[in-house]
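Source file: run13.txt; contents: compact mmCIF, C-alpha atoms and all ligand atoms.
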```txt
# COMPACT_ATOMS: atom_id res chain seq x y z
CA MET S 1 39.86 -12.61 -6.08
CA ALA S 2 38.03 -10.92 -8.88
CA ASP S 3 38.99 -13.21 -11.68
CA GLY S 4 35.75 -13.37 -13.62
CA ALA S 5 33.01 -15.15 -11.72
CA ALA S 6 34.40 -17.67 -9.28
CA LEU S 7 31.21 -17.47 -7.22
CA GLY S 8 28.81 -17.65 -10.17
CA LYS S 9 26.28 -15.32 -11.65
CA VAL S 10 23.73 -13.24 -9.71
CA VAL S 11 20.88 -11.06 -10.93
CA LEU S 12 20.93 -7.81 -8.96
CA ALA S 13 17.80 -5.69 -8.54
CA TYR S 14 19.35 -2.42 -9.65
CA SER S 15 17.65 0.90 -8.90
CA GLY S 16 20.51 3.08 -10.03
CA GLY S 17 20.90 4.53 -6.53
CA LEU S 18 23.96 4.59 -4.30
CA ASP S 19 23.54 1.23 -2.52
CA THR S 20 22.98 -0.87 -5.59
CA SER S 21 25.59 0.99 -7.64
CA VAL S 22 28.19 0.26 -4.99
CA ALA S 23 26.82 -3.29 -4.83
CA ILE S 24 27.65 -4.00 -8.48
CA ARG S 25 31.31 -3.25 -7.88
CA TRP S 26 31.40 -4.94 -4.48
CA LEU S 27 29.81 -8.14 -5.80
CA LYS S 28 32.29 -8.22 -8.67
CA ASP S 29 35.16 -7.84 -6.24
CA GLN S 30 33.81 -10.74 -4.22
CA GLY S 31 33.91 -12.89 -7.34
CA TYR S 32 30.39 -12.70 -8.76
CA ASP S 33 29.35 -12.12 -12.32
CA VAL S 34 26.67 -9.43 -11.95
CA VAL S 35 23.64 -9.03 -14.19
CA ALA S 36 21.72 -5.85 -13.39
CA LEU S 37 17.93 -5.76 -13.62
CA THR S 38 16.00 -2.50 -13.42
CA ILE S 39 12.23 -2.66 -13.31
CA ASP S 40 10.08 0.32 -14.14
CA LEU S 41 7.18 0.54 -11.71
CA GLY S 42 6.36 4.10 -12.69
CA GLU S 43 9.16 6.01 -10.95
CA LYS S 44 9.81 8.29 -13.93
CA LYS S 45 13.53 7.60 -13.88
CA ASP S 46 15.93 7.83 -16.80
CA LEU S 47 16.11 4.10 -17.49
CA ASP S 48 18.58 4.35 -20.34
CA ALA S 49 21.02 6.20 -18.13
CA ILE S 50 20.60 3.62 -15.36
CA GLN S 51 21.20 0.77 -17.78
CA GLU S 52 24.39 2.39 -19.03
CA ARG S 53 25.55 3.14 -15.50
CA ALA S 54 25.19 -0.54 -14.59
CA LEU S 55 27.50 -1.54 -17.44
CA LYS S 56 29.95 1.24 -16.68
CA ILE S 57 30.28 0.09 -13.07
CA GLY S 58 30.92 -3.47 -14.18
CA ALA S 59 27.73 -5.45 -14.77
CA SER S 60 28.13 -8.05 -17.51
CA ALA S 61 24.60 -7.33 -18.74
CA ALA S 62 21.89 -4.83 -17.83
CA TYR S 63 18.17 -5.42 -18.31
CA VAL S 64 15.39 -2.87 -18.16
CA VAL S 65 11.83 -4.15 -17.87
CA ASP S 66 8.55 -2.25 -17.93
CA GLY S 67 6.71 -3.67 -14.94
CA LYS S 68 3.93 -1.09 -14.72
CA LEU S 69 1.04 -3.14 -16.08
CA PRO S 70 1.88 -6.42 -14.38
CA PHE S 71 2.31 -4.45 -11.16
CA LEU S 72 -1.16 -2.94 -11.39
CA ARG S 73 -2.92 -5.99 -12.74
CA HIS S 74 -1.41 -8.72 -10.60
CA PHE S 75 -0.42 -6.97 -7.38
CA VAL S 76 -2.21 -3.65 -6.90
CA TRP S 77 -5.68 -4.55 -8.21
CA PRO S 78 -6.16 -7.69 -6.08
CA SER S 79 -5.02 -5.70 -3.04
CA LEU S 80 -7.45 -2.91 -3.87
CA GLN S 81 -10.24 -5.49 -4.09
CA ALA S 82 -9.11 -6.89 -0.75
CA GLY S 83 -9.14 -3.37 0.74
CA ALA S 84 -5.59 -3.83 2.01
CA VAL S 85 -4.18 -1.09 4.23
CA TYR S 86 -1.46 -1.87 6.77
CA GLU S 87 -2.20 -0.69 10.30
CA ARG S 88 -5.08 1.44 9.00
CA GLU S 89 -2.60 3.81 7.28
CA TYR S 90 -0.23 2.40 4.69
CA PRO S 91 -1.55 1.26 1.27
CA LEU S 92 1.53 -0.95 0.83
CA ALA S 93 3.16 0.48 -2.31
CA THR S 94 6.67 -0.81 -1.62
CA ALA S 95 5.44 -4.03 -0.05
CA LEU S 96 3.53 -4.83 -3.27
CA GLY S 97 6.42 -3.90 -5.55
CA ARG S 98 9.03 -6.17 -3.97
CA PRO S 99 7.50 -9.56 -4.81
CA LEU S 100 7.09 -8.49 -8.43
CA ILE S 101 10.75 -7.45 -8.63
CA ALA S 102 11.80 -10.74 -7.02
CA ALA S 103 9.68 -12.71 -9.48
CA MET S 104 11.28 -10.96 -12.44
CA GLN S 105 14.74 -11.52 -10.98
CA VAL S 106 13.97 -15.23 -10.76
CA GLU S 107 12.82 -15.25 -14.38
CA ILE S 108 15.94 -13.44 -15.60
CA ALA S 109 18.11 -15.69 -13.42
CA ARG S 110 16.68 -18.71 -15.24
CA ARG S 111 17.29 -17.16 -18.64
CA GLU S 112 20.83 -16.19 -17.72
CA GLY S 113 21.62 -19.47 -15.98
CA ALA S 114 22.40 -17.54 -12.79
CA THR S 115 22.70 -19.31 -9.45
CA GLY S 116 21.43 -16.46 -7.32
CA ILE S 117 19.80 -13.10 -7.00
CA ALA S 118 21.04 -10.04 -5.14
CA HIS S 119 19.37 -6.98 -3.65
CA GLY S 120 20.45 -3.78 -1.91
CA CYS S 121 18.29 -4.04 1.22
CA THR S 122 19.60 -3.41 4.70
CA GLY S 123 19.26 -5.87 7.56
CA LYS S 124 16.90 -3.57 9.44
CA GLY S 125 14.02 -3.35 7.03
CA ASN S 126 11.05 -5.23 5.64
CA ASP S 127 12.24 -5.27 2.05
CA GLN S 128 14.97 -7.86 2.62
CA VAL S 129 12.32 -10.22 3.97
CA ARG S 130 10.10 -9.66 0.94
CA PHE S 131 12.94 -10.35 -1.51
CA ASP S 132 14.32 -13.35 0.34
CA VAL S 133 10.99 -15.03 1.04
CA SER S 134 9.60 -14.39 -2.46
CA THR S 135 12.73 -15.92 -3.95
CA ALA S 136 12.48 -18.90 -1.62
CA ALA S 137 8.87 -19.42 -2.65
CA LEU S 138 9.52 -19.18 -6.40
CA ALA S 139 12.97 -20.68 -6.75
CA PRO S 140 14.27 -22.35 -3.59
CA GLU S 141 17.38 -23.44 -5.51
CA LEU S 142 18.58 -19.84 -5.96
CA LYS S 143 20.73 -18.22 -3.33
CA VAL S 144 20.19 -14.65 -2.21
CA VAL S 145 23.09 -12.26 -1.72
CA ALA S 146 22.47 -9.04 0.21
CA PRO S 147 25.68 -6.98 0.11
CA VAL S 148 24.40 -4.21 2.37
CA ARG S 149 23.79 -6.78 5.12
CA GLU S 150 27.36 -7.98 4.76
CA TRP S 151 29.68 -5.14 3.93
CA GLY S 152 29.42 -3.12 7.14
CA MET S 153 29.74 0.26 5.42
CA ASN S 154 27.67 3.27 6.50
CA ARG S 155 26.47 5.90 4.06
CA ASP S 156 29.66 7.96 4.21
CA ASP S 157 31.78 4.85 3.73
CA GLU S 158 29.72 4.00 0.67
CA ILE S 159 30.16 7.46 -0.83
CA GLU S 160 33.88 7.20 -0.17
CA TYR S 161 33.94 3.70 -1.73
CA ALA S 162 32.13 5.04 -4.77
CA ARG S 163 34.63 7.92 -5.19
CA ARG S 164 37.56 5.54 -4.84
CA HIS S 165 36.18 3.19 -7.50
CA ASP S 166 35.00 5.90 -9.84
CA ILE S 167 31.34 4.97 -9.41
CA PRO S 168 29.07 7.89 -10.28
CA VAL S 169 27.27 8.98 -7.08
CA PRO S 170 23.64 9.79 -7.85
CA ALA S 171 22.38 13.22 -6.79
CA THR S 172 19.87 11.58 -4.44
CA ALA S 173 22.77 10.51 -2.24
CA GLU S 174 22.96 14.10 -1.01
CA SER S 175 19.45 14.02 0.46
CA PRO S 176 19.04 13.19 4.14
CA TYR S 177 15.92 11.20 3.28
CA SER S 178 15.52 7.67 2.08
CA THR S 179 12.73 7.35 -0.44
CA ASP S 180 11.08 4.71 -2.53
CA GLU S 181 8.29 5.05 -5.06
CA ASN S 182 6.09 3.30 -7.55
CA LEU S 183 2.65 3.87 -9.07
CA TRP S 184 0.87 3.02 -5.81
CA GLY S 185 2.75 5.53 -3.67
CA ARG S 186 5.93 7.14 -2.42
CA SER S 187 7.61 6.66 0.94
CA ILE S 188 9.98 8.97 2.77
CA GLU S 189 11.98 8.11 5.88
CA ALA S 190 15.12 9.14 7.80
CA GLY S 191 16.49 12.66 8.35
CA ILE S 192 14.38 14.81 10.66
CA LEU S 193 11.52 12.31 10.28
CA GLU S 194 13.35 10.05 12.73
CA ASP S 195 12.04 12.41 15.41
CA PRO S 196 8.41 11.29 15.68
CA TRP S 197 7.51 14.61 17.35
CA ALA S 198 8.73 16.66 14.37
CA GLU S 199 6.13 17.63 11.79
CA PRO S 200 7.17 16.49 8.31
CA PRO S 201 8.86 19.49 6.65
CA ARG S 202 7.57 20.72 3.30
CA GLU S 203 10.51 19.42 1.33
CA VAL S 204 9.68 15.75 1.94
CA PHE S 205 6.57 16.00 -0.24
CA GLU S 206 6.92 15.72 -3.99
CA TRP S 207 3.59 14.35 -5.19
CA THR S 208 1.17 16.33 -3.08
CA ARG S 209 0.57 20.03 -2.58
CA ASP S 210 0.44 21.67 0.79
CA PRO S 211 -3.30 22.10 1.48
CA ARG S 212 -2.67 25.83 1.90
CA GLN S 213 -1.59 26.01 -1.73
CA CYS S 214 -4.44 23.91 -3.10
CA PRO S 215 -7.15 25.32 -5.38
CA ASP S 216 -10.03 27.07 -3.60
CA GLU S 217 -12.53 25.11 -5.67
CA PRO S 218 -12.91 21.38 -5.02
CA ALA S 219 -12.47 18.83 -7.78
CA TYR S 220 -15.08 16.12 -8.25
CA VAL S 221 -14.21 12.79 -9.76
CA GLU S 222 -16.38 9.77 -10.55
CA VAL S 223 -14.71 6.37 -10.41
CA GLY S 224 -16.52 3.54 -12.20
CA PHE S 225 -15.96 -0.07 -11.12
CA LYS S 226 -16.67 -3.38 -12.79
CA GLU S 227 -16.53 -6.44 -10.54
CA GLY S 228 -14.46 -4.57 -8.02
CA LEU S 229 -11.93 -3.08 -10.44
CA PRO S 230 -11.75 0.55 -11.56
CA VAL S 231 -12.65 0.86 -15.24
CA SER S 232 -13.62 4.47 -15.82
CA LEU S 233 -13.12 8.06 -14.71
CA ASP S 234 -15.96 10.53 -15.05
CA GLY S 235 -17.85 8.07 -17.21
CA ARG S 236 -15.03 7.55 -19.73
CA PRO S 237 -13.53 4.04 -19.93
CA GLN S 238 -9.83 4.13 -18.98
CA GLU S 239 -6.97 1.69 -18.69
CA ALA S 240 -5.56 0.84 -15.28
CA LEU S 241 -2.40 2.86 -15.85
CA GLU S 242 -4.34 5.95 -16.91
CA ILE S 243 -6.64 5.75 -13.91
CA VAL S 244 -3.81 5.52 -11.42
CA THR S 245 -1.71 8.18 -13.10
CA THR S 246 -4.63 10.59 -13.37
CA LEU S 247 -5.66 10.13 -9.75
CA ASN S 248 -2.08 10.57 -8.54
CA ARG S 249 -1.94 13.88 -10.39
CA LEU S 250 -5.41 15.13 -9.52
CA GLY S 251 -5.25 13.96 -5.91
CA GLY S 252 -1.78 15.46 -5.54
CA GLU S 253 -2.99 18.82 -6.85
CA HIS S 254 -5.59 18.86 -4.09
CA GLY S 255 -3.19 17.71 -1.38
CA VAL S 256 -4.83 14.29 -1.02
CA GLY S 257 -2.89 11.22 0.09
CA ARG S 258 -0.41 12.39 2.73
CA ILE S 259 0.09 9.79 5.44
CA ASP S 260 2.24 10.05 8.57
CA HIS S 261 2.59 6.55 9.99
CA LEU S 262 4.38 5.32 13.09
CA GLU S 263 4.78 1.82 11.82
CA ASN S 264 5.58 -1.65 13.16
CA ARG S 265 8.16 -3.33 11.00
CA LEU S 266 8.14 -7.08 10.69
CA ILE S 267 11.52 -7.39 12.34
CA GLY S 268 10.36 -5.69 15.53
CA ILE S 269 11.49 -2.09 15.05
CA LYS S 270 9.06 0.82 15.21
CA SER S 271 9.70 3.32 12.46
CA ARG S 272 8.26 6.66 11.39
CA GLU S 273 7.35 6.70 7.72
CA VAL S 274 5.71 9.37 5.63
CA TYR S 275 3.81 8.40 2.50
CA GLU S 276 2.24 10.12 -0.46
CA ALA S 277 -0.36 7.96 -2.16
CA PRO S 278 -3.12 10.02 -3.77
CA ALA S 279 -4.44 7.40 -6.19
CA ALA S 280 -4.29 4.64 -3.60
CA VAL S 281 -6.17 6.69 -1.02
CA VAL S 282 -8.87 7.77 -3.47
CA LEU S 283 -9.34 4.31 -5.00
CA LEU S 284 -9.40 2.47 -1.67
CA GLN S 285 -11.99 4.94 -0.41
CA ALA S 286 -14.09 4.65 -3.56
CA HIS S 287 -13.91 0.87 -3.52
CA GLN S 288 -14.95 0.79 0.12
CA ALA S 289 -17.90 3.06 -0.63
CA LEU S 290 -19.10 0.73 -3.36
CA GLU S 291 -18.80 -2.24 -1.00
CA ASP S 292 -20.81 -0.30 1.59
CA ILE S 293 -23.77 -0.07 -0.74
CA THR S 294 -23.42 -3.49 -2.37
CA LEU S 295 -22.13 -6.13 0.05
CA PRO S 296 -24.43 -7.97 2.45
CA LYS S 297 -23.72 -6.95 6.04
CA ASP S 298 -22.20 -10.24 7.20
CA VAL S 299 -19.98 -10.50 4.11
CA ALA S 300 -18.77 -6.93 4.71
CA ARG S 301 -17.96 -7.69 8.34
CA PHE S 302 -16.00 -10.82 7.53
CA LYS S 303 -14.23 -9.12 4.65
CA ASP S 304 -12.83 -6.56 7.10
CA LEU S 305 -10.97 -9.37 8.82
CA VAL S 306 -9.70 -10.66 5.50
CA ALA S 307 -8.52 -7.17 4.53
CA ARG S 308 -6.46 -6.89 7.67
CA GLU S 309 -5.01 -10.36 7.22
CA TRP S 310 -4.21 -9.60 3.56
CA ALA S 311 -2.40 -6.39 4.49
CA GLN S 312 -0.36 -8.15 7.16
CA MET S 313 0.52 -10.93 4.75
CA VAL S 314 1.70 -8.51 2.07
CA TYR S 315 3.61 -6.37 4.54
CA ASP S 316 5.31 -9.43 6.00
CA GLY S 317 6.63 -10.66 2.66
CA LEU S 318 4.21 -13.54 2.11
CA TRP S 319 2.80 -12.49 -1.26
CA PHE S 320 3.80 -15.78 -2.85
CA SER S 321 2.14 -18.04 -0.33
CA PRO S 322 -0.73 -20.49 -0.04
CA LEU S 323 -2.42 -17.93 2.25
CA ARG S 324 -2.73 -15.39 -0.54
CA ASP S 325 -4.32 -17.88 -2.90
CA ALA S 326 -6.83 -18.86 -0.23
CA LEU S 327 -7.66 -15.28 0.76
CA TYR S 328 -8.01 -14.24 -2.85
CA ALA S 329 -10.56 -16.97 -3.48
CA PHE S 330 -12.72 -15.30 -0.83
CA VAL S 331 -12.02 -11.77 -2.05
CA ALA S 332 -12.82 -12.63 -5.68
CA GLU S 333 -16.17 -14.14 -4.67
CA THR S 334 -17.11 -10.91 -2.86
CA GLN S 335 -16.42 -8.76 -5.92
CA ARG S 336 -18.95 -10.32 -8.30
CA HIS S 337 -21.61 -7.67 -7.80
CA LEU S 338 -19.23 -4.78 -7.24
CA THR S 339 -20.14 -2.79 -10.30
CA GLY S 340 -21.12 0.85 -10.09
CA GLU S 341 -19.94 4.40 -9.60
CA VAL S 342 -18.54 6.43 -6.74
CA ARG S 343 -18.31 10.19 -6.69
CA LEU S 344 -15.60 11.87 -4.65
CA LYS S 345 -14.75 15.40 -3.74
CA LEU S 346 -11.09 16.39 -3.48
CA PHE S 347 -10.52 19.54 -1.52
CA LYS S 348 -7.54 20.99 0.35
CA GLY S 349 -6.01 17.75 1.52
CA ALA S 350 -9.22 15.77 1.99
CA SER S 351 -10.92 13.25 -0.19
CA THR S 352 -14.56 12.61 0.66
CA VAL S 353 -17.06 10.22 -0.86
CA VAL S 354 -20.17 12.22 -1.74
CA GLY S 355 -22.12 9.70 -3.83
CA ARG S 356 -22.34 6.01 -4.68
CA LYS S 357 -24.63 3.90 -6.85
CA SER S 358 -24.78 0.44 -8.33
CA PRO S 359 -27.32 -1.44 -10.45
CA GLU S 360 -26.88 -4.25 -7.93
CA GLN S 361 -26.94 -2.21 -4.77
CA LEU S 362 -28.59 -3.61 -1.64
CA TYR S 363 -29.56 -0.11 -0.55
CA GLN S 364 -33.27 -0.01 -1.39
CA LEU S 365 -35.11 3.25 -1.08
CA GLN S 366 -38.50 1.67 -0.34
CA LEU S 367 -36.96 0.06 2.74
CA ALA S 368 -34.78 2.96 3.86
CA THR S 369 -37.12 5.87 3.32
CA TYR S 370 -38.90 7.84 6.03
CA GLY S 371 -40.90 9.49 3.30
CA LYS S 372 -43.47 8.29 0.75
CA GLY S 373 -43.28 4.80 -0.74
CA ASP S 374 -42.22 3.08 2.48
CA THR S 375 -42.84 -0.67 2.16
CA PHE S 376 -41.17 -1.65 5.44
CA ASP S 377 -43.42 -3.59 7.84
CA GLN S 378 -43.01 -1.67 11.12
CA GLY S 379 -45.14 -4.19 13.04
CA ALA S 380 -42.62 -6.95 12.37
CA ALA S 381 -39.97 -5.12 14.41
CA ALA S 382 -41.63 -5.67 17.79
CA GLY S 383 -41.63 -9.47 17.61
CA PHE S 384 -38.10 -9.59 16.29
CA ILE S 385 -36.83 -7.36 19.09
CA LYS S 386 -38.65 -9.40 21.73
CA LEU S 387 -36.63 -12.45 20.71
CA TRP S 388 -33.42 -10.50 20.11
CA GLY S 389 -33.55 -9.17 23.68
CA MET S 390 -34.65 -12.45 25.26
CA GLY S 391 -31.20 -13.32 26.54
CA VAL S 392 -30.50 -10.07 28.38
CA ARG S 393 -34.06 -9.93 29.72
CA THR S 394 -33.65 -13.42 31.19
CA ALA S 395 -30.27 -12.53 32.67
CA ALA S 396 -31.72 -9.42 34.32
CA GLN S 397 -34.63 -11.37 35.77
CA VAL S 398 -32.59 -14.28 37.09
CA GLN S 399 -29.27 -12.67 38.02
CA GLY S 400 -30.28 -9.12 38.88
CA ARG S 401 -29.62 -5.75 37.41
CA LEU S 402 -25.88 -5.54 37.86
CA GLN S 403 -25.42 -1.87 37.04
CA GLU S 404 -28.00 -0.47 39.49
CA ARG S 405 -25.48 1.47 41.59
CA ASP S 406 -23.82 3.02 38.56
CA LEU S 407 -27.19 4.14 37.24
CA LYS S 408 -27.94 6.05 40.44
CA SER S 409 -24.68 7.96 40.36
CA MET S 410 -25.05 8.65 36.65
CA LEU S 411 -28.43 10.28 37.23
CA GLY S 412 -26.99 12.65 39.89
CA GLU S 413 -29.17 15.55 40.98
CA VAL S 414 -32.60 15.68 39.39
CA LYS S 415 -35.02 18.56 38.93
CA ARG S 416 -38.63 17.47 39.06
CA LEU S 417 -41.57 19.67 38.23
CA ALA S 418 -45.26 18.72 38.54
CA PRO S 419 -48.41 20.86 38.09
N1 LIG Q 501 7.99 1.10 5.37
C1 LIG Q 501 7.53 0.78 4.07
C2 LIG Q 501 7.50 -0.70 3.89
O1 LIG Q 501 8.04 -1.42 4.67
C3 LIG Q 501 8.34 1.47 3.00
C4 LIG Q 501 9.69 0.94 2.80
C5 LIG Q 501 10.44 1.72 1.79
N2 LIG Q 501 11.63 1.02 1.38
C6 LIG Q 501 12.78 1.63 1.16
N3 LIG Q 501 13.77 0.86 0.84
N4 LIG Q 501 12.95 2.91 1.27
O2 LIG Q 501 6.91 -1.21 2.97
```

When written as structure tokens, how does the structure in this file appear?
Ligand code: ARG
Amino acid sequence: MADGAALGKVVLAYSGGLDTSVAIRWLKDQGYDVVALTIDLGEKKDLDAIQERALKIGASAAYVVDGKLPFLRHFVWPSLQAGAVYEREYPLATALGRPLIAAMQVEIARREGATGIAHGCTGKGNDQVRFDVSTAALAPELKVVAPVREWGMNRDDEIEYARRHDIPVPATAESPYSTDENLWGRSIEAGILEDPWAEPPREVFEWTRDPRQCPDEPAYVEVGFKEGLPVSLDGRPQEALEIVTTLNRLGGEHGVGRIDHLENRLIGIKSREVYEAPAAVVLLQAHQALEDITLPKDVARFKDLVAREWAQMVYDGLWFSPLRDALYAFVAETQRHLTGEVRLKLFKGASTVVGRKSPEQLYQLQLATYGKGDTFDQGAAAGFIKLWGMGVRTAAQVQGRLQERDLKSMLGEVKRLAP
């Protein structure tokens, strides 16, 4: 084989790690012309070195793209507005990053006249689904090649393959853990974490401090929102990137954002995943607090359903889908009055909302207060409740009090005193 590009050109999503480094060589040997694409989503990697490594291993071109702003603006922010958290735990960092990478691969594939894209995902995970389905949605004419699904090598085989072909093995290949990260969070799996009974050891955490080592004084931070998007920290206007970076650092210093999730993968495997996501945890909490004080009660209740649906959709690889457009139309409508400030306290692993306010808040003191200035009409409650309870009153009268026996046993022995 291996004479040039008998099988055509593919754009490989290249992280610089072991799998995708081996993939460059393997794809070439199969007969592909490989173009490497590395997208910076805030991982603080040496991108120049990765680009050079791609060429050294045999890519015919190597692109590096700064994806940080598009990632925040087009993927993270709408999901924050939606309140998306998978299975009540996972803020979806990786799940949000994949469709962006796929979209950029498609764009580069068009520029390069490639006939396919390639990725380094295994056949057991969610990420393959996200790449494959995103590509299908954006460019059904492109084929997807997933070497790791095909080559049947385990980790040791790969390391051996790399040595044999003079592929530099990245230092991370020594770690027992498999990690992924971007601005919205970091995930850690494998190693001892595969025992769901084992507490995550210290060394898996890189972004967050052990609560025992956190400062003894709490930090307070005020997040300002405009129409559901964060626009300031402590009263100072900030760009999206600054807000997320600052909260990752500050939250991490106070041990905020550790998540230990026994997770349901799309393909039917349960998996134990540990996450660090300080900014995501703080911002989702702050956003929720602003919704609490601003959204009408029925809108809030329905939006909870949408949030869950949104998270499932993102997790399951359906970012580029008619469902997202439809859900976002609802989400966007709910964010129109979501302007205001939320104050949080970060302290030894916990982030707590301690204050919230909005010029358009539905919390109204003259209605809520038990003190002076109460304008609430107490008399109106009786009539309302009479009608509200009409159904159960009628049922009790016509069909009997069903729980009578339970009530007797609940009461038990009774002490009665009379003068
Ligand atoms: N379980 C998470 C998800 O499905 C994180 C996956 C991390 N991916 C990885 N290749 N290490 O989104």

Could you give me the residues within 10 Å of ligand LIG 501 (chain Q), counting all atoms listed in the file, as a PDB file with C-alpha atoms, keeping the file's coordinate frame?
```pdb
ATOM      1  CA  TYR S  86      -1.460  -1.870   6.770  1.00  0.00           C
ATOM      2  CA  TYR S  90      -0.230   2.400   4.690  1.00  0.00           C
ATOM      3  CA  PRO S  91      -1.550   1.260   1.270  1.00  0.00           C
ATOM      4  CA  LEU S  92       1.530  -0.950   0.830  1.00  0.00           C
ATOM      5  CA  ALA S  93       3.160   0.480  -2.310  1.00  0.00           C
ATOM      6  CA  THR S  94       6.670  -0.810  -1.620  1.00  0.00           C
ATOM      7  CA  ALA S  95       5.440  -4.030  -0.050  1.00  0.00           C
ATOM      8  CA  LEU S  96       3.530  -4.830  -3.270  1.00  0.00           C
ATOM      9  CA  GLY S  97       6.420  -3.900  -5.550  1.00  0.00           C
ATOM     10  CA  ARG S  98       9.030  -6.170  -3.970  1.00  0.00           C
ATOM     11  CA  GLY S 120      20.450  -3.780  -1.910  1.00  0.00           C
ATOM     12  CA  CYS S 121      18.290  -4.040   1.220  1.00  0.00           C
ATOM     13  CA  THR S 122      19.600  -3.410   4.700  1.00  0.00           C
ATOM     14  CA  GLY S 125      14.020  -3.350   7.030  1.00  0.00           C
ATOM     15  CA  ASN S 126      11.050  -5.230   5.640  1.00  0.00           C
ATOM     16  CA  ASP S 127      12.240  -5.270   2.050  1.00  0.00           C
ATOM     17  CA  GLN S 128      14.970  -7.860   2.620  1.00  0.00           C
ATOM     18  CA  VAL S 129      12.320 -10.220   3.970  1.00  0.00           C
ATOM     19  CA  ARG S 130      10.100  -9.660   0.940  1.00  0.00           C
ATOM     20  CA  TYR S 177      15.920  11.200   3.280  1.00  0.00           C
ATOM     21  CA  SER S 178      15.520   7.670   2.080  1.00  0.00           C
ATOM     22  CA  THR S 179      12.730   7.350  -0.440  1.00  0.00           C
ATOM     23  CA  ASP S 180      11.080   4.710  -2.530  1.00  0.00           C
ATOM     24  CA  GLU S 181       8.290   5.050  -5.060  1.00  0.00           C
ATOM     25  CA  GLY S 185       2.750   5.530  -3.670  1.00  0.00           C
ATOM     26  CA  ARG S 186       5.930   7.140  -2.420  1.00  0.00           C
ATOM     27  CA  SER S 187       7.610   6.660   0.940  1.00  0.00           C
ATOM     28  CA  ILE S 188       9.980   8.970   2.770  1.00  0.00           C
ATOM     29  CA  GLU S 189      11.980   8.110   5.880  1.00  0.00           C
ATOM     30  CA  ALA S 190      15.120   9.140   7.800  1.00  0.00           C
ATOM     31  CA  HIS S 261       2.590   6.550   9.990  1.00  0.00           C
ATOM     32  CA  LEU S 262       4.380   5.320  13.090  1.00  0.00           C
ATOM     33  CA  GLU S 263       4.780   1.820  11.820  1.00  0.00           C
ATOM     34  CA  ASN S 264       5.580  -1.650  13.160  1.00  0.00           C
ATOM     35  CA  ARG S 265       8.160  -3.330  11.000  1.00  0.00           C
ATOM     36  CA  LEU S 266       8.140  -7.080  10.690  1.00  0.00           C
ATOM     37  CA  LYS S 270       9.060   0.820  15.210  1.00  0.00           C
ATOM     38  CA  SER S 271       9.700   3.320  12.460  1.00  0.00           C
ATOM     39  CA  ARG S 272       8.260   6.660  11.390  1.00  0.00           C
ATOM     40  CA  GLU S 273       7.350   6.700   7.720  1.00  0.00           C
ATOM     41  CA  VAL S 274       5.710   9.370   5.630  1.00  0.00           C
ATOM     42  CA  TYR S 275       3.810   8.400   2.500  1.00  0.00           C
ATOM     43  CA  VAL S 314       1.700  -8.510   2.070  1.00  0.00           C
ATOM     44  CA  TYR S 315       3.610  -6.370   4.540  1.00  0.00           C
ATOM     45  CA  ASP S 316       5.310  -9.430   6.000  1.00  0.00           C
ATOM     46  CA  GLY S 317       6.630 -10.660   2.660  1.00  0.00           C
TER      47      GLY S 317
END
```

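We find CA of Leu362 in chain S and CA of Val281 in chain S to be spaced 24.7 Å apart.
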
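CA of Asp325 in chain S is positioned 27.6 Å from CA of Thr38 in chain S.
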
Atomic separation - CA of Ala82 in chain S relative to CA of Gly355 in chain S, Å: 21.3 Å

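Nearest-residue note for Trp310 in chain S: choosing from S:Glu360, S:Asp292, S:Asp156, S:Glu87, the minimum distance belongs to S:Glu87, counting all atoms listed in the file.
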
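Take the candidates S:Leu69, S:Leu47, S:Val354, S:Ile117 and check each one against Gly8 in chain S using only C-alpha atoms; the shortest distance goes to S:Ile117.
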
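Summary of the local environment: counting all atoms listed in the file, residues at most 12 Å from Ile243 in chain S, other than itself and those fewer than 6 positions away along its chain, are Leu69, Leu72, Trp77, Leu183, Trp184, Val221, Glu222, Val223, Gly224, Phe225, Leu229, Pro230, Val231, Ser232, Leu233, Asp234, Gly235, Arg236, Pro237, Arg249, Leu250, Gly251, Pro278, Ala279, Ala280, Val282 and Leu283 of chain S.
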
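Using only C-alpha atoms for every distance, the candidate list S:Gly123, S:Pro140, S:Pro296, S:Pro176 yields S:Pro296 as the residue closest to Leu338 in chain S.
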
For range 339-352 of chain S: contacts at 8 Å, all atoms listed in the file, fewer than 2 positions along chain excluded, given as a VMD selection string: chain S and resid 210 to 212 214 to 228 251 254 to 258 282 286 to 287 289 to 290 336 to 337 354 to 360

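Across S:Pro78, S:Gly42, S:Gly252, S:Gly16, the tightest approach to Leu327 in chain S is made by S:Pro78 when counting only C-alpha atoms.
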
Selection near Leu100 in chain S, 9 Å with only C-alpha atoms, sequence-local residues under 6 positions removed, as number ranges by chain: S: 67, 70-71, 74-75, 134

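Using only C-alpha atoms for every distance, the candidate list S:Ala84, S:Tyr363, S:Val65, S:Lys372 yields S:Ala84 as the residue closest to Met313 in chain S.
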
Pick from S:Ser15, S:Thr172, S:Ser409, S:Gln81, whichever lies nearest to Ala332 in chain S using all atoms listed in the file: S:Gln81

Residue contacts of Lys303 in chain S (9 Å, all atoms listed in the file) excluding same-chain residues fewer than 2 positions away, as a PyMOL selection string: chain S and resi 82-83+298-301+305-308+330-331+334
